[in-house]
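Source file: entry.txt (compact mmCIF, C-alpha atoms and all ligand atoms)
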# COMPACT_ATOMS: atom_id res chain seq x y z
CA MET A 1 -76.67 80.84 -44.65
CA VAL A 2 -78.69 82.08 -41.62
CA TYR A 3 -81.83 80.31 -40.42
CA PRO A 4 -84.02 80.18 -37.30
CA VAL A 5 -84.69 76.82 -35.67
CA MET A 6 -86.36 75.58 -32.48
CA SER A 7 -83.55 73.72 -30.70
CA ARG A 8 -83.64 71.31 -27.76
CA ARG A 9 -79.98 72.12 -27.10
CA ALA A 10 -80.70 75.86 -26.86
CA GLY A 11 -84.04 75.31 -25.11
CA GLY A 12 -85.88 77.57 -27.60
CA LEU A 13 -85.23 79.68 -30.67
CA SER A 14 -81.72 79.34 -32.03
CA VAL A 15 -80.41 81.34 -34.97
CA GLY A 16 -78.19 79.01 -36.98
CA VAL A 17 -75.26 80.22 -39.05
CA ASN A 18 -74.22 77.74 -41.73
CA LEU A 19 -70.73 78.23 -43.15
CA ASN A 20 -70.74 74.86 -44.99
CA LEU A 21 -72.97 75.59 -47.94
CA GLY A 22 -71.81 72.46 -49.79
CA GLN A 23 -72.35 70.13 -46.76
CA GLU A 24 -68.60 69.62 -46.24
CA CYS A 25 -67.05 67.86 -43.27
CA ASN A 26 -63.75 66.14 -42.45
CA TRP A 27 -65.68 63.46 -40.52
CA ALA A 28 -68.58 61.24 -41.59
CA CYS A 29 -70.44 60.45 -38.37
CA ALA A 30 -72.89 57.56 -38.63
CA TYR A 31 -75.55 59.66 -36.88
CA CYS A 32 -75.03 62.84 -38.91
CA GLU A 33 -78.27 64.63 -39.80
CA VAL A 34 -76.78 66.49 -42.76
CA GLU A 35 -78.30 65.37 -46.07
CA GLY A 36 -75.78 65.14 -48.90
CA LEU A 37 -72.77 65.24 -46.52
CA VAL A 38 -69.46 65.24 -48.42
CA ARG A 39 -65.83 64.98 -47.30
CA GLY A 40 -64.19 68.29 -48.17
CA THR A 41 -63.54 71.90 -47.30
CA PRO A 42 -66.12 74.67 -47.74
CA SER A 43 -65.52 77.51 -50.17
CA ALA A 44 -65.19 81.09 -48.95
CA ILE A 45 -68.51 82.73 -48.17
CA ASP A 46 -69.67 86.28 -48.82
CA LEU A 47 -69.15 87.89 -45.40
CA GLN A 48 -71.27 90.92 -46.30
CA GLN A 49 -74.13 88.59 -47.18
CA LEU A 50 -73.67 86.77 -43.87
CA GLU A 51 -73.89 90.07 -42.00
CA ARG A 52 -76.96 91.15 -43.98
CA GLU A 53 -78.79 87.86 -43.48
CA LEU A 54 -78.00 87.71 -39.76
CA ASP A 55 -79.11 91.32 -39.31
CA GLU A 56 -82.43 90.52 -41.02
CA VAL A 57 -83.13 87.36 -39.01
CA LEU A 58 -82.30 89.07 -35.69
CA SER A 59 -84.59 91.99 -36.63
CA GLU A 60 -87.40 89.63 -37.61
CA ALA A 61 -87.06 87.70 -34.34
CA ALA A 62 -87.21 90.98 -32.38
CA SER A 63 -90.43 91.88 -34.21
CA GLY A 64 -92.08 88.63 -33.04
CA ARG A 65 -91.96 86.79 -36.36
CA TRP A 66 -91.44 83.45 -34.59
CA THR A 67 -93.71 82.65 -31.69
CA VAL A 68 -93.95 80.19 -28.80
CA GLU A 69 -96.78 79.32 -26.42
CA ALA A 70 -96.16 79.81 -22.71
CA ASP A 71 -98.82 79.69 -19.95
CA GLY A 72 -101.52 79.42 -22.64
CA GLU A 73 -100.39 82.68 -24.31
CA ARG A 74 -98.65 82.91 -27.67
CA GLY A 75 -95.84 85.46 -27.86
CA GLY A 76 -92.65 86.28 -29.69
CA ALA A 77 -89.93 83.68 -29.20
CA ALA A 78 -86.81 85.13 -27.63
CA ILE A 79 -83.52 84.15 -29.22
CA LYS A 80 -81.68 81.77 -26.92
CA ASP A 81 -78.54 81.59 -28.97
CA ILE A 82 -76.74 82.33 -32.20
CA SER A 83 -75.18 79.07 -33.22
CA ILE A 84 -72.36 78.60 -35.74
CA ALA A 85 -73.07 75.03 -36.73
CA GLY A 86 -74.96 74.17 -39.89
CA ASP A 87 -74.28 71.54 -42.54
CA GLY A 88 -70.75 70.40 -41.75
CA GLU A 89 -67.76 71.21 -39.56
CA PRO A 90 -67.71 75.02 -39.13
CA THR A 91 -64.01 75.28 -38.28
CA LEU A 92 -63.17 74.05 -41.79
CA ALA A 93 -64.58 77.31 -43.17
CA PRO A 94 -61.75 79.59 -44.29
CA GLN A 95 -63.50 82.59 -42.68
CA PHE A 96 -64.50 80.91 -39.42
CA ALA A 97 -62.81 83.58 -37.26
CA GLU A 98 -64.39 86.43 -39.28
CA ALA A 99 -67.81 84.78 -38.98
CA VAL A 100 -67.39 84.61 -35.19
CA GLU A 101 -66.52 88.31 -35.14
CA ILE A 102 -69.62 89.22 -37.23
CA CYS A 103 -71.92 87.14 -35.02
CA ALA A 104 -70.47 88.73 -31.85
CA ARG A 105 -70.82 92.24 -33.28
CA LEU A 106 -74.45 91.77 -34.42
CA ARG A 107 -75.42 90.15 -31.16
CA GLU A 108 -74.28 93.32 -29.39
CA ARG A 109 -75.85 95.62 -32.00
CA HIS A 110 -79.22 93.92 -31.46
CA GLY A 111 -78.94 94.21 -27.68
CA LEU A 112 -78.73 90.45 -27.19
CA GLY A 113 -75.47 90.46 -25.26
CA ASP A 114 -77.09 89.43 -21.98
CA SER A 115 -79.76 87.08 -23.31
CA ALA A 116 -78.49 85.16 -26.34
CA LYS A 117 -75.36 83.05 -26.18
CA LEU A 118 -72.94 82.72 -29.04
CA VAL A 119 -72.25 79.02 -29.60
CA THR A 120 -70.07 77.00 -31.97
CA ILE A 121 -70.65 73.29 -32.39
CA THR A 122 -67.47 71.56 -33.53
CA ASN A 123 -66.00 68.10 -33.81
CA GLY A 124 -62.91 69.63 -32.17
CA SER A 125 -60.50 68.13 -34.69
CA ARG A 126 -58.97 71.43 -35.84
CA LEU A 127 -58.23 73.38 -32.67
CA HIS A 128 -54.49 72.94 -33.31
CA VAL A 129 -54.79 74.99 -36.53
CA PRO A 130 -53.77 78.55 -35.54
CA ALA A 131 -56.59 80.25 -37.50
CA VAL A 132 -59.14 77.99 -35.83
CA GLU A 133 -57.68 78.58 -32.37
CA ALA A 134 -57.83 82.34 -33.08
CA GLY A 135 -61.52 82.03 -33.99
CA VAL A 136 -62.20 80.08 -30.81
CA ARG A 137 -60.35 82.73 -28.78
CA GLY A 138 -62.60 85.33 -30.44
CA LEU A 139 -65.60 83.25 -29.41
CA GLY A 140 -64.28 83.08 -25.85
CA GLY A 141 -63.63 86.84 -25.83
CA ALA A 142 -67.28 87.40 -26.77
CA GLY A 143 -68.42 85.24 -23.85
CA GLY A 144 -69.36 82.39 -26.20
CA GLU A 145 -69.42 78.62 -25.79
CA LEU A 146 -67.83 75.81 -27.74
CA TRP A 147 -69.44 72.36 -27.91
CA PHE A 148 -66.67 69.79 -28.50
CA LYS A 149 -67.47 66.23 -29.62
CA LEU A 150 -66.18 63.13 -27.84
CA ASP A 151 -67.99 60.12 -29.29
CA GLY A 152 -65.65 57.32 -28.26
CA GLY A 153 -63.22 56.38 -25.51
CA ASP A 154 -60.47 55.17 -27.87
CA PRO A 155 -59.51 55.64 -31.53
CA ALA A 156 -61.31 52.47 -32.68
CA ALA A 157 -64.57 53.50 -30.97
CA ARG A 158 -64.32 56.96 -32.48
CA GLU A 159 -63.59 55.53 -35.93
CA ARG A 160 -66.71 53.39 -35.71
CA VAL A 161 -68.95 56.39 -35.03
CA ASN A 162 -67.07 59.32 -36.63
CA ALA A 163 -65.29 57.44 -39.47
CA VAL A 164 -62.02 59.02 -38.25
CA ALA A 165 -59.74 57.34 -35.68
CA SER A 166 -58.61 60.53 -33.93
CA PRO A 167 -55.64 59.66 -31.68
CA ASP A 168 -56.15 60.16 -27.94
CA ASN A 169 -53.27 62.64 -27.62
CA ARG A 170 -54.68 64.83 -30.42
CA VAL A 171 -58.17 64.89 -28.86
CA GLU A 172 -56.73 65.65 -25.41
CA ALA A 173 -54.48 68.43 -26.71
CA ASN A 174 -57.32 69.99 -28.68
CA LEU A 175 -59.62 69.83 -25.68
CA VAL A 176 -56.98 71.63 -23.61
CA LEU A 177 -56.66 74.31 -26.31
CA ALA A 178 -60.44 74.69 -26.59
CA ALA A 179 -61.08 74.93 -22.86
CA SER A 180 -58.29 77.45 -22.36
CA ALA A 181 -59.63 79.66 -25.17
CA CYS A 182 -63.37 79.50 -24.51
CA THR A 183 -66.07 78.04 -22.27
CA THR A 184 -66.18 74.46 -23.57
CA TRP A 185 -68.80 71.76 -23.11
CA VAL A 186 -67.79 68.22 -24.04
CA GLN A 187 -70.65 66.63 -25.96
CA CYS A 188 -70.82 62.84 -25.98
CA MET A 189 -73.14 60.98 -28.33
CA ALA A 190 -74.27 57.60 -27.01
CA LEU A 191 -76.16 55.21 -29.29
CA SER A 192 -76.53 51.58 -30.19
CA MET A 193 -74.83 50.45 -33.42
CA ASP A 194 -75.47 47.01 -34.94
CA GLY A 195 -77.33 46.12 -31.74
CA GLU A 196 -74.29 46.93 -29.55
CA GLU A 197 -74.56 49.55 -26.84
CA PRO A 198 -71.44 51.44 -25.71
CA SER A 199 -69.62 49.31 -23.13
CA ASP A 200 -68.78 50.65 -19.68
CA ASP A 201 -65.09 50.37 -20.64
CA GLU A 202 -65.59 52.53 -23.72
CA ILE A 203 -67.44 55.17 -21.71
CA ASP A 204 -64.73 55.06 -19.02
CA GLY A 205 -62.22 55.69 -21.81
CA ARG A 206 -63.99 58.99 -22.53
CA VAL A 207 -64.04 59.89 -18.83
CA GLU A 208 -60.31 59.12 -18.54
CA LEU A 209 -59.53 61.18 -21.63
CA ILE A 210 -61.31 64.17 -20.09
CA GLU A 211 -59.46 63.52 -16.80
CA ARG A 212 -56.13 63.60 -18.62
CA ALA A 213 -57.11 66.83 -20.40
CA CYS A 214 -58.07 68.33 -17.02
CA ALA A 215 -54.73 67.22 -15.57
CA ALA A 216 -53.05 69.01 -18.49
CA GLY A 217 -54.85 72.25 -17.65
CA ALA A 218 -58.28 72.01 -19.28
CA ARG A 219 -61.31 73.00 -17.24
CA PRO A 220 -64.38 72.12 -19.34
CA ALA A 221 -67.65 73.81 -18.39
CA GLY A 222 -69.30 70.41 -18.26
CA VAL A 223 -70.31 67.29 -20.15
CA VAL A 224 -73.44 66.76 -22.22
CA ILE A 225 -74.57 63.19 -22.86
CA TYR A 226 -77.01 63.02 -25.69
CA GLY A 227 -78.86 60.28 -27.50
CA LEU A 228 -80.08 59.77 -31.02
CA ALA A 229 -83.09 62.10 -31.24
CA ARG A 230 -83.39 62.72 -34.96
CA PRO A 231 -82.84 60.33 -37.83
CA SER A 232 -79.40 60.00 -39.35
CA GLN A 233 -79.18 60.94 -43.04
CA GLN A 234 -76.20 58.65 -43.63
CA PRO A 235 -76.04 55.17 -45.20
CA GLN A 236 -75.46 53.63 -41.73
CA ALA A 237 -78.80 54.98 -40.46
CA HIS A 238 -80.39 51.51 -40.44
CA ARG A 239 -77.62 50.26 -38.12
CA LEU A 240 -78.39 52.80 -35.37
CA GLU A 241 -80.86 52.72 -32.49
CA PRO A 242 -81.36 55.19 -29.66
CA LEU A 243 -80.51 54.05 -26.15
CA SER A 244 -83.17 53.90 -23.45
CA GLY A 245 -83.44 56.78 -20.99
CA PRO A 246 -82.19 54.63 -18.08
CA ARG A 247 -79.11 53.51 -20.09
CA LEU A 248 -78.30 57.10 -21.06
CA ARG A 249 -78.58 58.13 -17.42
CA SER A 250 -76.39 55.21 -16.31
CA ILE A 251 -73.79 56.34 -18.87
CA ALA A 252 -74.03 59.90 -17.53
CA ALA A 253 -73.45 58.56 -14.00
CA ARG A 254 -70.02 57.26 -15.07
CA PHE A 255 -68.96 60.89 -15.73
CA GLU A 256 -69.85 61.98 -12.18
CA ARG A 257 -66.34 61.28 -10.92
CA LEU A 258 -65.16 64.27 -13.01
CA HIS A 259 -67.11 66.58 -10.67
CA LEU A 260 -68.18 68.65 -13.67
CA PRO A 261 -71.74 69.81 -14.45
CA LEU A 262 -73.57 67.06 -16.37
CA ARG A 263 -76.51 67.40 -18.71
CA VAL A 264 -78.43 64.57 -20.39
CA PHE A 265 -80.51 65.00 -23.56
CA GLU A 266 -82.55 61.83 -24.12
S1 LIG A 301 -68.77 66.24 -37.32
FE1 LIG A 301 -70.88 67.04 -37.38
S2 LIG A 301 -71.22 67.63 -39.52
FE2 LIG A 301 -69.40 66.33 -39.48
S3 LIG A 301 -70.17 64.30 -39.93
FE3 LIG A 301 -70.11 64.52 -37.70
S4 LIG A 301 -72.16 65.21 -37.10
FE4 LIG A 301 -71.94 65.55 -39.34
Written as structure tokens, that's how I'd like the structure from this file.
Amino acid sequence: MVYPVMSRRAGGLSVGVNLNLGQECNWACAYCEVEGLVRGTPSAIDLQQLERELDEVLSEAASGRWTVEADGERGGAAIKDISIAGDGEPTLAPQFAEAVEICARLRERHGLGDSAKLVTITNGSRLHVPAVEAGVRGLGGAGGELWFKLDGGDPAARERVNAVASPDNRVEANLVLAASACTTWVQCMALSMDGEEPSDDEIDGRVELIERACAAGARPAGVVIYGLARPSQQPQAHRLEPLSGPRLRSIAARFERLHLPLRVFE
């Protein structure tokens, strides 16, 4: 349920918290890295076990169990974040809000409040569910961050990549809810599918959706554009190709008119 991983997103050691022990998600993204992904809802987890496992991993990290090399010297890797992500959509978990509370409490108990962020990576589809919004407010109250997916500029583009045609008004409303509850980064996957790169119009659709959410009161922390870095574990894997660095950067440039911080992971 709790595992350490070197993460490019975190820029170092991330402690992952997996609430989806049966690989359950309500989406089926073509690029998903989860092996054995199933459509469904996770069962309840043992919260005491979660607390115990997280306590152990944080203690082991503090004792230098995982190391990195810097300036030719090998030393203990500092924890960059505690990330509620794992093998499926975490906000489907019936105890998502309780899990956030446990992660926030242990982060403080281990003296990581100033150095390790608390992060949740979500597809953003369930912010309108009161229990999920409450969990995200708890995350925001603990100074955490939410990473919210936006993989297409219109329902058809999102259906192609996420296998769910989320309506624009639902995505906008959920982004407004997310950004008002917690520091929220919009994360945009950009890839080639069946030899077709995202068109400028499709990308502009994403930019306009964020603009409309901002006009409705959202203030996202920024936008992350990221490419296909690790192989998909889904049947569509053979249809996907990463974009070139210059194309990813040209896509990122289309978001500049939002005047929000932009990050690109090639
Ligand atoms: S939302 Fe996340 S876990 Fe679900 S299918 Fe997409 S990438 Fe996989």
Which of A:Arg160, A:Arg105, A:Arg257, A:Lys149 sits closest to ligand LIG 301 (chain A) [using all atoms listed in the file]: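 Comparing A:Arg160, A:Arg105, A:Arg257, A:Lys149 against ligand LIG 301 (chain A), the winner is A:Lys149.
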Cut-off 10 Å, all atoms listed in the file, neighbours of ligand LIG 301 (chain A) as a PyMOL selection string: chain A and resi 20+23-35+37-39+85-90+121-125+148-149+151+161-164+189+232-234
Length of the atom CA of A:Gly76 to atom CA of A:Ala61 vector [Å]: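 One can read the atom CA of A:Gly76 to atom CA of A:Ala61 distance as 7.4 Å.
Here atom CA of A:Val223 stands at a distance of 18.4 Å from atom CA of A:Ala157.
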For A:Ala181, the nearest of the candidates A:Val136, A:Met1, A:Leu260, A:Ala252, counting all atoms listed in the file: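 Between A:Val136, A:Met1, A:Leu260, A:Ala252, the residue approaching A:Ala181 most closely is A:Val136.
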Å distance separating atom CA of A:Pro242 from atom CA of A:Asp194, one decimal place: 11.4 Å
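In this comparison, which uses only C-alpha atoms, the residue of A:Ile251, A:Ala44, A:Ala215, A:Ala165 approaching A:Asp201 most closely is A:Ile251.
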Residue nearest A:Arg158 among A:Leu243, A:Ile82, A:Ile203, A:Leu177 (counting all atoms listed in the file):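 Of A:Leu243, A:Ile82, A:Ile203, A:Leu177, the one nearest A:Arg158 is A:Ile203, counting all atoms listed in the file.
The residue that comes closest to A:Leu50, out of A:Pro261, A:Pro130, A:Gly222, A:Gly16 and on the basis of only C-alpha atoms, is A:Gly16.
For A:Phe96, the non-local neighbours within 8 Å, defined as residues at least 3 positions apart in the same chain or in other chains and counting all atoms listed in the file, are Leu19, Pro90, Thr91, Leu92, Ala93, Ala99, Val100, Val132 and Gly135 of chain A.
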Write the residues of the selection above to a file with C-alpha atoms, as a short mmCIF file (atom, residue, chain, number, x, y, z; two decimals), keeping the file's coordinate frame.
data_model
loop_
_atom_site.label_atom_id
_atom_site.label_comp_id
_atom_site.auth_asym_id
_atom_site.auth_seq_id
_atom_site.Cartn_x
_atom_site.Cartn_y
_atom_site.Cartn_z
CA LEU A 19 -70.73 78.23 -43.15
CA PRO A 90 -67.71 75.02 -39.13
CA THR A 91 -64.01 75.28 -38.28
CA LEU A 92 -63.17 74.05 -41.79
CA ALA A 93 -64.58 77.31 -43.17
CA ALA A 99 -67.81 84.78 -38.98
CA VAL A 100 -67.39 84.61 -35.19
CA VAL A 132 -59.14 77.99 -35.83
CA GLY A 135 -61.52 82.03 -33.99
#
Among the residues A:Glu196, A:Gly138, A:Lys80, A:His128, the one that comes closest to A:Ala116 [using all atoms listed in the file]: A:Lys80
Exercise: A:Gly205 partners within 12 Å, all atoms listed in the file, chain neighbours under 4 positions left out, as a list in words: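 Residues meeting the cut-off are Leu150, Asp151, Gly152, Gly153, Asp154, Pro155, Ala156, Ala157, Arg158, Asp168, Glu172, Cys188, Pro198, Ser199, Asp200, Asp201, Leu209, Ile210, Glu211, Arg212, Ile251, Arg254 and Phe255 of chain A.
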For A:Ser59: contacts at 12 Å, all atoms listed in the file, fewer than 2 positions along chain excluded, given as a PyMOL selection string: chain A and resi 4+15+52-57+61-66+78-79+106-107+109-112
Taking 4 positions as the minimum chain separation for residues in the same chain, which residues sit within 9 Å of A:Glu266 when counting only C-alpha atoms? Answer as a PDB file with C-alpha atoms, in the frame of the given file.
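The resulting file, out35.pdb, is reproduced below:
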ATOM      1  CA  ILE A 225     -74.570  63.190 -22.860  1.00  0.00           C
ATOM      2  CA  TYR A 226     -77.010  63.020 -25.690  1.00  0.00           C
ATOM      3  CA  GLY A 227     -78.860  60.280 -27.500  1.00  0.00           C
ATOM      4  CA  LEU A 228     -80.080  59.770 -31.020  1.00  0.00           C
ATOM      5  CA  ALA A 229     -83.090  62.100 -31.240  1.00  0.00           C
ATOM      6  CA  PRO A 242     -81.360  55.190 -29.660  1.00  0.00           C
ATOM      7  CA  LEU A 243     -80.510  54.050 -26.150  1.00  0.00           C
ATOM      8  CA  SER A 244     -83.170  53.900 -23.450  1.00  0.00           C
ATOM      9  CA  GLY A 245     -83.440  56.780 -20.990  1.00  0.00           C
ATOM     10  CA  LEU A 248     -78.300  57.100 -21.060  1.00  0.00           C
ATOM     11  CA  ARG A 249     -78.580  58.130 -17.420  1.00  0.00           C
TER      12      ARG A 249
END
Residue completion, stretch 93-104 of chain A, all heavy atoms, as an mmCIF file, in the coordinates of the input:
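Writing the result to out_35.cif gives the following:
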data_model
loop_
_atom_site.group_PDB
_atom_site.id
_atom_site.type_symbol
_atom_site.label_atom_id
_atom_site.label_comp_id
_atom_site.auth_asym_id
_atom_site.auth_seq_id
_atom_site.Cartn_x
_atom_site.Cartn_y
_atom_site.Cartn_z
ATOM 1 N N ALA A 93 -64.292 76.140 -42.327
ATOM 2 C CA ALA A 93 -64.580 77.310 -43.170
ATOM 3 C C ALA A 93 -63.397 78.269 -43.124
ATOM 4 O O ALA A 93 -62.904 78.607 -42.037
ATOM 5 C CB ALA A 93 -65.849 78.006 -42.683
ATOM 6 N N PRO A 94 -62.928 78.721 -44.291
ATOM 7 C CA PRO A 94 -61.750 79.590 -44.290
ATOM 8 C C PRO A 94 -61.974 80.900 -43.544
ATOM 9 O O PRO A 94 -61.019 81.526 -43.100
ATOM 10 C CB PRO A 94 -61.477 79.838 -45.780
ATOM 11 C CG PRO A 94 -62.631 79.284 -46.536
ATOM 12 C CD PRO A 94 -63.398 78.372 -45.638
ATOM 13 N N GLN A 95 -63.246 81.321 -43.388
ATOM 14 C CA GLN A 95 -63.500 82.590 -42.680
ATOM 15 C C GLN A 95 -64.197 82.349 -41.330
ATOM 16 O O GLN A 95 -64.996 83.175 -40.888
ATOM 17 C CB GLN A 95 -64.358 83.495 -43.544
ATOM 18 C CG GLN A 95 -63.695 83.891 -44.850
ATOM 19 C CD GLN A 95 -64.695 83.827 -45.968
ATOM 20 O OE1 GLN A 95 -65.383 82.812 -46.154
ATOM 21 N NE2 GLN A 95 -64.839 84.911 -46.705
ATOM 22 N N PHE A 96 -63.866 81.224 -40.702
ATOM 23 C CA PHE A 96 -64.500 80.910 -39.420
ATOM 24 C C PHE A 96 -64.312 82.057 -38.405
ATOM 25 O O PHE A 96 -65.272 82.521 -37.780
ATOM 26 C CB PHE A 96 -63.931 79.600 -38.867
ATOM 27 C CG PHE A 96 -64.305 79.322 -37.451
ATOM 28 C CD1 PHE A 96 -65.622 79.069 -37.098
ATOM 29 C CD2 PHE A 96 -63.346 79.325 -36.443
ATOM 30 C CE1 PHE A 96 -65.975 78.834 -35.774
ATOM 31 C CE2 PHE A 96 -63.690 79.080 -35.121
ATOM 32 C CZ PHE A 96 -65.007 78.841 -34.793
ATOM 33 N N ALA A 97 -63.078 82.538 -38.268
ATOM 34 C CA ALA A 97 -62.810 83.580 -37.260
ATOM 35 C C ALA A 97 -63.578 84.865 -37.599
ATOM 36 O O ALA A 97 -64.127 85.524 -36.702
ATOM 37 C CB ALA A 97 -61.304 83.864 -37.180
ATOM 38 N N GLU A 98 -63.648 85.218 -38.887
ATOM 39 C CA GLU A 98 -64.390 86.430 -39.280
ATOM 40 C C GLU A 98 -65.888 86.246 -39.006
ATOM 41 O O GLU A 98 -66.571 87.184 -38.590
ATOM 42 C CB GLU A 98 -64.182 86.726 -40.778
ATOM 43 C CG GLU A 98 -62.793 87.204 -41.137
ATOM 44 C CD GLU A 98 -61.848 86.066 -41.512
ATOM 45 O OE1 GLU A 98 -62.062 84.916 -41.058
ATOM 46 O OE2 GLU A 98 -60.884 86.329 -42.243
ATOM 47 N N ALA A 99 -66.384 85.042 -39.240
ATOM 48 C CA ALA A 99 -67.810 84.780 -38.980
ATOM 49 C C ALA A 99 -68.122 84.928 -37.493
ATOM 50 O O ALA A 99 -69.155 85.483 -37.113
ATOM 51 C CB ALA A 99 -68.183 83.379 -39.485
ATOM 52 N N VAL A 100 -67.206 84.449 -36.640
ATOM 53 C CA VAL A 100 -67.390 84.610 -35.190
ATOM 54 C C VAL A 100 -67.476 86.094 -34.850
ATOM 55 O O VAL A 100 -68.346 86.540 -34.093
ATOM 56 C CB VAL A 100 -66.227 83.940 -34.403
ATOM 57 C CG1 VAL A 100 -66.263 84.344 -32.938
ATOM 58 C CG2 VAL A 100 -66.281 82.429 -34.548
ATOM 59 N N GLU A 101 -66.574 86.869 -35.444
ATOM 60 C CA GLU A 101 -66.520 88.310 -35.140
ATOM 61 C C GLU A 101 -67.842 88.987 -35.572
ATOM 62 O O GLU A 101 -68.401 89.812 -34.843
ATOM 63 C CB GLU A 101 -65.292 88.909 -35.843
ATOM 64 C CG GLU A 101 -64.993 90.354 -35.517
ATOM 65 C CD GLU A 101 -65.793 91.332 -36.358
ATOM 66 O OE1 GLU A 101 -65.983 91.071 -37.561
ATOM 67 O OE2 GLU A 101 -66.254 92.345 -35.793
ATOM 68 N N ILE A 102 -68.358 88.625 -36.742
ATOM 69 C CA ILE A 102 -69.620 89.220 -37.230
ATOM 70 C C ILE A 102 -70.771 88.847 -36.289
ATOM 71 O O ILE A 102 -71.585 89.695 -35.913
ATOM 72 C CB ILE A 102 -69.898 88.747 -38.676
ATOM 73 C CG1 ILE A 102 -68.915 89.422 -39.635
ATOM 74 C CG2 ILE A 102 -71.343 89.028 -39.089
ATOM 75 C CD1 ILE A 102 -68.942 88.865 -41.054
ATOM 76 N N CYS A 103 -70.833 87.574 -35.907
ATOM 77 C CA CYS A 103 -71.920 87.140 -35.020
ATOM 78 C C CYS A 103 -71.855 87.883 -33.677
ATOM 79 O O CYS A 103 -72.888 88.322 -33.138
ATOM 80 C CB CYS A 103 -71.851 85.631 -34.773
ATOM 81 S SG CYS A 103 -72.204 84.663 -36.236
ATOM 82 N N ALA A 104 -70.627 88.031 -33.135
ATOM 83 C CA ALA A 104 -70.470 88.730 -31.850
ATOM 84 C C ALA A 104 -70.903 90.193 -31.986
ATOM 85 O O ALA A 104 -71.597 90.736 -31.116
ATOM 86 C CB ALA A 104 -69.022 88.636 -31.387
#
